[in-house]
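K.L.:
Have a look at this one before I ask anything.
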Amino acid sequence: MSFSHVTYKTGTTLPAKRICKEVAIPNNIPTLIDGAHTIGMLNLDFHDIDCDFYSGSGHKWQCGAGATGILYVRDNASRLDEYWSD
Ligand SMILES: Cc1ncc(COP(=O)(O)O)c(C=O)c1O
């Protein structure tokens with residue numbers, strides 16, 4: 001499941017933690033959150049949100065260089081083994 005934490009068009013903040021904990025995890029769905037508009041703007045705790053992946057843009061609210069960003073991967077993606085078998 002992939003979704004924006006804060007959407008581009010309206011600035012709506014989705015309940016990322018609730019989506020991960022109440023929808024994705026109980027149904028064994030890996031999560032990738034698009035945080036292009038949150039890094040540097042919100043106080044984020046990725047373990048608390050409990051997502052598998054979280055991406056962020058470096059050149060938006062961080063005022064960093066173009067074509068930069070971050071990718072958080074929870075526990076070296078070890079939880080993905082629970083989702084897909086060999
Ligand atoms: C919600 C959202 N995700 C991702 C992107 C893409 O970010 P980047 O320019 O760092 O590739 C944008 C760009 O505006 C965006 O608004």
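Naming works like this for the structure tokens: A, B, ... for the chains as they're shown, residue 1 at the start of each chain, ligands 1 onward in shown order.
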Quick one: residues within 12 Å of His37 in chain A, only C-alpha atoms, excluding same-chain residues fewer than 6 positions away - as a PyMOL selection string?
P.N.:
chain A and resi 4-14+44+54-63+69
K.L.:
Just write the chosen residues, C-alpha atoms, as a PDB file, in the first residue's frame.
P.N.:
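Output file out27.pdb is given in full below:
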```pdb
ATOM      1  CA  SER A   4       1.023  10.307   0.523  1.00  0.00           C
ATOM      2  CA  HIS A   5       1.345  11.347   4.157  1.00  0.00           C
ATOM      3  CA  VAL A   6       0.498  14.915   3.146  1.00  0.00           C
ATOM      4  CA  THR A   7      -1.147  15.253  -0.247  1.00  0.00           C
ATOM      5  CA  TYR A   8       0.102  17.619  -2.906  1.00  0.00           C
ATOM      6  CA  LYS A   9      -3.172  19.152  -4.121  1.00  0.00           C
ATOM      7  CA  THR A  10      -4.939  19.904  -0.836  1.00  0.00           C
ATOM      8  CA  GLY A  11      -2.357  19.474   1.923  1.00  0.00           C
ATOM      9  CA  THR A  12      -4.531  16.848   3.567  1.00  0.00           C
ATOM     10  CA  THR A  13      -2.669  14.875   6.233  1.00  0.00           C
ATOM     11  CA  LEU A  14      -3.576  11.207   6.080  1.00  0.00           C
ATOM     12  CA  LEU A  44       8.181  12.077  12.458  1.00  0.00           C
ATOM     13  CA  TYR A  54       9.030   6.079   4.019  1.00  0.00           C
ATOM     14  CA  SER A  55      10.356   8.356   1.303  1.00  0.00           C
ATOM     15  CA  GLY A  56      11.047  12.048   1.554  1.00  0.00           C
ATOM     16  CA  SER A  57      12.109  14.808  -0.769  1.00  0.00           C
ATOM     17  CA  GLY A  58      15.260  16.775  -0.034  1.00  0.00           C
ATOM     18  CA  HIS A  59      14.586  19.724  -2.274  1.00  0.00           C
ATOM     19  CA  LYS A  60      11.151  20.796  -1.059  1.00  0.00           C
ATOM     20  CA  TRP A  61      10.702  21.930   2.538  1.00  0.00           C
ATOM     21  CA  GLN A  62      14.308  21.081   3.403  1.00  0.00           C
ATOM     22  CA  CYS A  63      15.444  23.617   0.773  1.00  0.00           C
ATOM     23  CA  GLY A  69      15.762  12.569  -1.028  1.00  0.00           C
TER      24      GLY A  69
END
```
K.L.:
Extract the full set of alpha helix (DSSP H) residues from chain A according to DSSP on the backbone, and format it as a ChimeraX atom specification.
P.N.:
/A:16-18,46-49,80-83
K.L.:
Using only C-alpha atoms and all ligand atoms, pick whichever of A:Met41, A:Ile49, A:Ile19, A:Ala65 has the shortest atom-to-atom distance to ligand 1.
P.N.:
A:Ala65
K.L.:
Quick check for you: according to DSSP on this backbone, which residues of chain A are classed as strand (DSSP E)? Reply as a list in words.
P.N.:
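Everything in chain A that counts as strand (DSSP E) is Ser2, Phe3, Ser4, Leu32, Ile33, Asp34, Phe53, Tyr54, Ser55, Gly56, Ser57, Gly69, Ile70, Leu71, Tyr72 and Val73 of chain A.
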K.L.:
Here is a test: counting only C-alpha atoms, which residue of A:Ile25, A:Cys51, A:Leu42, A:Cys20 is nearest to Ala77 in chain A?
P.N.:
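Counting only C-alpha atoms, the residue closest to Ala77 in chain A is A:Cys51.
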K.L.:
Need the shell around Asp50 in chain A: protein/DNA/RNA residues with any atom at most 8 Å away, counting only C-alpha atoms. Skip same-chain ones fewer than 2 positions apart. Format as a ChimeraX atom specification?
P.N.:
/A:17,20-21,46-48,52
K.L.:
Measuring atom to atom with only C-alpha atoms and all ligand atoms, identify which of A:Ser78, A:Thr68, A:Asn27, A:Ser2 is nearest to ligand 1.
P.N.:
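Of A:Ser78, A:Thr68, A:Asn27, A:Ser2, the one nearest ligand 1 is A:Thr68, counting only C-alpha atoms and all ligand atoms.
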